[in-house]
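Okay, structure first, notes after.
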Amino acid sequence: MMRQYELVEKVKHYAPDADEDRLNRAYVFAMQAHGNQKRASGAPYFTHPLEVAGILTDLRADDITIVAAILHDTIEDTGTTREDIERLFGDQIAQLVDGLTKLNKLDLVSKKAAQAENLRKLLLAVAQDVRVLLVKLADRLHNMRTLGHVPPEKRARIAEETLEIYAPLAGRIGMQDMREELEDIAFCVLMPEAYAMVQKRLADLRARAGGAIETITGDVKARLQAHGLAGEIKGREKRPYSIWRKMERKALSFEQLSDIYAFRVIVADEAACYQALGVIHQAWRFVPGRFKDYISTPKQNDYRSLHTTVIGPKHQRVELQIRTSRMDEIAEFGIAAHAAYKDLTKDGEKGAASGPYAWLRRTIEVLVTGDNPEEFWEHTKLELFQDQVFCFTPKGFLIALPRGAIPLDFAYAVHTGVGDNAVGCRINGQSASLIGELHNGDEVEILVTEGQTPPLTWEGLVKTGRARGAIRKATREAARKHFLDLGRKVLDRTFASAGKTYSEEKVLAALPRFARKTLEDLWVSLGEGQIESKDVLRALFPDHREEAPKPAPEPGKGWFGLSGAERLKFRVPGQDGLDALPIRGQAKNEAVRFNPHGGALPGDRIVGILTPGEGITIYPIQSRALIAFDDSPERWLDVRWEVDEHNRQRFGARIRACVINEPGVLAAFARVIADNDANIFHMDMRPLTADLHEMVIDLEVWNLKHLNAILSELRVQPTVTSLERVIDA
Ligand code: MN
């Protein structure tokens, strides 16, 4: 068992700034916490976290990682709480140990659905602090090394999980040695005969080829020296599992396998890498198609190296990797070789393309996509990630969404309020649409404006149930609020015009008569027209008689005596020649018409659409009819108003109003319109509910400003509940 001072010295050796006191305290704390607990092997339990810490010192992990490793099983296996760890070792370490505890409960080879969710949790934990993954892998490696003491059934399950999940993960983040050791142990457990076969063949080959590694190493070294290149050559046999996999994948027998040996050439700098490559290619014939330059184009996990295969001195294939010692360090330690992870804290504000989050984003991206998917997916179940897309908030938090998800899904995943109030977004710093597809690694910033209601049409665009549900709920609530306000206004007006007042208490007392539970329900029902406001008036004032009854309306003429006026026209003569409007930007002989379903007014931004043989049709820019011409940009003409101030003309505009049904409404409308020097030339009205009517009025006005002035004046009418211009009739 590693002694306390040995551990501290090992860490201090490569990290002189390490917090010695904290390491000592962690050692003592974990030893006491685990007390007399034993491993399956019968060894004291404390040897396990200590070995895990030892593996991580070999990877030169920072002291926080080492402390987390020593403590990693205390919450799960002893009476220690997260609070204890936080109090004694700080928040960062507490979070790491807590994350590791949660990861231990994940079953990664369970049923598919649960597995996907568990993998997601794993990634989330890794995204919060990548050191979680380092400790987890070291933990797994030690458990694999001591797997012999575990009951056989459990052993197979752990080995399977290792081969499918943890070994590929280690490889993905560049920790090749760890990957290979994990694979070999799992291979030995899961396929003992195959493992034994490969081992035996390797031994035979060693006996036959006798010192091939030494021969080749010496040969390469001599040739490099002859060209003045100092370098270190490391040769090795490939590992049993990688040999087995190659045999399986390429359906080859062991004898057919050519590159059992791999050599690593470590030289001083990048230039020397290429020089060494030249020397080697001059000496031996290289195998075409096997040369790869990962120095000029690094792999996504920052792996850099030159790869080549040559026909070596004994006419066998020799695989060579040529790199500098720094590149070698990254190839060997992967993530652990990066200093960046030490700055990773979840409070970090740095986003954008630089800083630790960029690196983390890339790592996650590497985990989920990778540049050599076949190799990765083939032996792992991580393909489940292919159904998902991983994005980040500007603060670096990971949001996992189903593939095809759009920024709106992202907004709702962050918070319902963010989704409801979303008005736009920025993806990787660029303005983007809320409904475009998201990609792995996107950093998404949602722009919000308070008090928005998501349009119901969004419901069909989002991919997540959460967003869909929230949109439905928000639109339902907005509709309810609309009807509630409407009902309240209707009731107020009805009482006011009867010369009565009401208190909410009195209305509350009358609720049972309307079979409504709350005041709000009553208002909504009034707004929706399920209850008529006059019935509420009668309920509260049973004796109320309409004192000065209106002149009895003739049948069918109830509303201001104008119900028969649905097609009433206020025609103003002399309104021909609308198409004589001079519009700049058109050829003289093209006929000009206005979109019959929604006129444009001077002041509107307009577009001309050219129909060959027919002429130009003018549309306001906001017209939905223009969508039909989206795919034919050649038909769009840039047109502008050029109105003759001396020969003024009127233009048609349509407005739609929702009004409370009471005497005088139409008169008030007509007066405002007349006072503003506009004409009504067509009008439709229809009851929406007993209390509300909709009016659609076609006006003739001078221009947009004129129309807007009329609209503003109509809007302040107390009976108006909504009023809008209609562009597309
Ligand atoms: Mn453990």
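Simple scheme: letters A, B, ... for chains in structure tokens order, numbers from 1 for residues in each chain, numbers from 1 for ligands in the order shown.
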Handout entry: Protein and nucleic residues near ligand 1, 7 Å, only C-alpha atoms and all ligand atoms, as a VMD selection string
Key = chain A and resid 48 to 49 72 to 73 139
Practice task
Give the helix (DSSP H, G or I) residues of stretch 127-365 of chain A, as assigned by DSSP on the backbone, as a PyMOL selection string.
Solution key: chain A and resi 127-128+131-145+147-149+152-172+176-190+192-209+212-226+240-250+270-283+325-337+340-343+355-365
Handout entry: From A:Arg468, A:Arg290, A:His13, A:Arg239, residue lying nearest A:Thr57 [only C-alpha atoms]
Key = A:His13
Practice task
Find the residues around A:Lys10 up to 9 Å (only C-alpha atoms counted), leave out those fewer than 5 positions away in its own chain, and share them as a list in words.
Solution key: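 Contacts, in chain order: Tyr5, Ala15, Gly54, Thr57, Asp58 and Arg60 of chain A.
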Exercise for the section: Identify, on the basis of only C-alpha atoms, every residue whose closest approach to A:Asp521 does not exceed 9 Å; exclude the query and any residue fewer than 5 positions from it along the same chain; express the result as a PyMOL selection string. Expected result: chain A and resi 484+516+526
Exercise for the section: Measuring atom to atom with only C-alpha atoms, identify which of A:Ala478, A:Met2, A:Val418, A:Val310 is nearest to A:Val279. Expected result: A:Val310
Exercise for the section: Show which residues sit within 12 Å of A:Glu86, as a list in words. Count only C-alpha atoms, and ignore same-chain residues fewer than 4 positions away. Expected result: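 Returned residues: Ala68, Leu71, Ile75, Thr80, Thr81, Arg82, Gly90, Asp91, Gln92, Ile93, Ala94, Gln95, Leu96, Val97 and Asp98 of chain A.
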Save the residues we just selected, N, CA and C atoms, as a compact mmCIF listing (two decimals), in the first residue's frame?
# COMPACT_ATOMS: atom_id res chain seq x y z
N ALA A 68 -9.84 14.04 -5.07
CA ALA A 68 -11.15 13.47 -5.41
C ALA A 68 -11.05 11.95 -5.55
N LEU A 71 -10.96 10.29 -2.20
CA LEU A 71 -12.25 10.37 -1.50
C LEU A 71 -13.40 9.74 -2.30
N ILE A 75 -18.57 8.86 -0.03
CA ILE A 75 -20.01 9.16 0.10
C ILE A 75 -20.81 7.88 -0.09
N THR A 80 -20.06 9.24 5.20
CA THR A 80 -19.73 10.61 4.82
C THR A 80 -20.80 11.22 3.91
N THR A 81 -21.07 12.52 4.11
CA THR A 81 -22.02 13.20 3.24
C THR A 81 -21.28 14.20 2.35
N ARG A 82 -21.99 14.65 1.33
CA ARG A 82 -21.43 15.67 0.46
C ARG A 82 -21.06 16.90 1.26
N GLY A 90 -13.78 21.69 0.38
CA GLY A 90 -14.21 22.71 -0.56
C GLY A 90 -15.23 22.21 -1.57
N ASP A 91 -15.83 23.17 -2.25
CA ASP A 91 -16.97 22.89 -3.12
C ASP A 91 -16.57 22.07 -4.36
N GLN A 92 -15.42 22.43 -4.92
CA GLN A 92 -15.00 21.79 -6.17
C GLN A 92 -14.82 20.27 -5.99
N ILE A 93 -14.12 19.91 -4.91
CA ILE A 93 -13.88 18.49 -4.65
C ILE A 93 -15.19 17.79 -4.27
N ALA A 94 -16.02 18.50 -3.49
CA ALA A 94 -17.32 17.92 -3.11
C ALA A 94 -18.13 17.60 -4.36
N GLN A 95 -18.09 18.52 -5.30
CA GLN A 95 -18.86 18.32 -6.53
C GLN A 95 -18.33 17.13 -7.33
N LEU A 96 -17.02 17.01 -7.37
CA LEU A 96 -16.42 15.88 -8.09
C LEU A 96 -16.81 14.55 -7.45
N VAL A 97 -16.68 14.49 -6.12
CA VAL A 97 -16.97 13.23 -5.43
C VAL A 97 -18.46 12.90 -5.56
N ASP A 98 -19.27 13.94 -5.45
CA ASP A 98 -20.72 13.75 -5.59
C ASP A 98 -21.04 13.23 -6.99
Problem - Selection near A:Arg304, 9 Å with only C-alpha atoms, sequence-local residues under 6 positions removed, as a count of residues only - result: 12
Exercise for the section: Pick out the residues sitting within 12 Å of A:Leu277, and hand them over as a PyMOL selection string; count only C-alpha atoms, and ignore anything fewer than 3 positions along from it in its own chain. Expected result: chain A and resi 220+223-224+227+229+264-267+270-274+280-286+291-293+305-310+320-323
Can you write just those residues out, C-alpha atoms, as a PDB file, in the first residue's frame?
ATOM      1  CA  VAL A 220      16.076   2.772 -37.398  1.00  0.00           C
ATOM      2  CA  ARG A 223      19.889   5.418 -39.937  1.00  0.00           C
ATOM      3  CA  LEU A 224      18.559   8.461 -38.110  1.00  0.00           C
ATOM      4  CA  HIS A 227      21.524  11.820 -40.860  1.00  0.00           C
ATOM      5  CA  LEU A 229      18.955  13.061 -36.076  1.00  0.00           C
ATOM      6  CA  ARG A 264       7.340   5.075 -32.017  1.00  0.00           C
ATOM      7  CA  VAL A 265      10.024   7.493 -33.060  1.00  0.00           C
ATOM      8  CA  ILE A 266      10.370  10.491 -30.742  1.00  0.00           C
ATOM      9  CA  VAL A 267      12.400  13.394 -32.073  1.00  0.00           C
ATOM     10  CA  GLU A 270       8.250  19.193 -35.802  1.00  0.00           C
ATOM     11  CA  ALA A 271      10.844  19.708 -38.520  1.00  0.00           C
ATOM     12  CA  ALA A 272      12.741  16.676 -37.262  1.00  0.00           C
ATOM     13  CA  CYS A 273       9.551  14.609 -37.579  1.00  0.00           C
ATOM     14  CA  TYR A 274       9.445  15.220 -41.314  1.00  0.00           C
ATOM     15  CA  ILE A 280      12.806   6.080 -43.130  1.00  0.00           C
ATOM     16  CA  HIS A 281      11.123   6.278 -46.526  1.00  0.00           C
ATOM     17  CA  GLN A 282      14.516   6.393 -48.233  1.00  0.00           C
ATOM     18  CA  ALA A 283      15.716   3.296 -46.398  1.00  0.00           C
ATOM     19  CA  TRP A 284      12.619   1.142 -46.810  1.00  0.00           C
ATOM     20  CA  ARG A 285       9.794   0.983 -49.243  1.00  0.00           C
ATOM     21  CA  PHE A 286       6.641   2.452 -47.763  1.00  0.00           C
ATOM     22  CA  PHE A 291       0.833   7.430 -44.653  1.00  0.00           C
ATOM     23  CA  LYS A 292      -1.106   9.915 -42.502  1.00  0.00           C
ATOM     24  CA  ASP A 293      -0.047  13.387 -41.474  1.00  0.00           C
ATOM     25  CA  SER A 305       1.793  12.412 -35.171  1.00  0.00           C
ATOM     26  CA  LEU A 306       3.034  11.133 -38.523  1.00  0.00           C
ATOM     27  CA  HIS A 307       1.951   7.583 -39.330  1.00  0.00           C
ATOM     28  CA  THR A 308       3.549   5.371 -41.912  1.00  0.00           C
ATOM     29  CA  THR A 309       4.024   1.682 -42.653  1.00  0.00           C
ATOM     30  CA  VAL A 310       7.143   0.391 -44.400  1.00  0.00           C
ATOM     31  CA  LEU A 320       5.819   3.693 -37.349  1.00  0.00           C
ATOM     32  CA  GLN A 321       4.540   6.736 -35.521  1.00  0.00           C
ATOM     33  CA  ILE A 322       6.823   9.747 -35.599  1.00  0.00           C
ATOM     34  CA  ARG A 323       6.335  12.645 -33.197  1.00  0.00           C
TER      35      ARG A 323
END
Exercise for the section: One decimal, Å: what's the distance from atom CA of A:Glu183 over to atom CA of A:Thr162, could you say? Expected result: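 Interatomic distance, atom CA of A:Glu183 to atom CA of A:Thr162: 7.4 Å.
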Exercise for the section: Give me, please, the distance in Å between atom CA of A:Ala40 and atom CA of A:Ala186, quoted to one decimal. Expected result: 18.3 Å
Fill in the blank from the handout: Between A:Leu491, A:Leu456, A:Leu626, A:Ala18, smallest distance to A:Thr475 by only C-alpha atoms belongs to A:Leu456
Practice task
Could you check which of A:Glu532, A:Glu520, A:Glu76, A:Asp17 is closest to A:His34, using only C-alpha atoms?
Solution key: A:Glu76
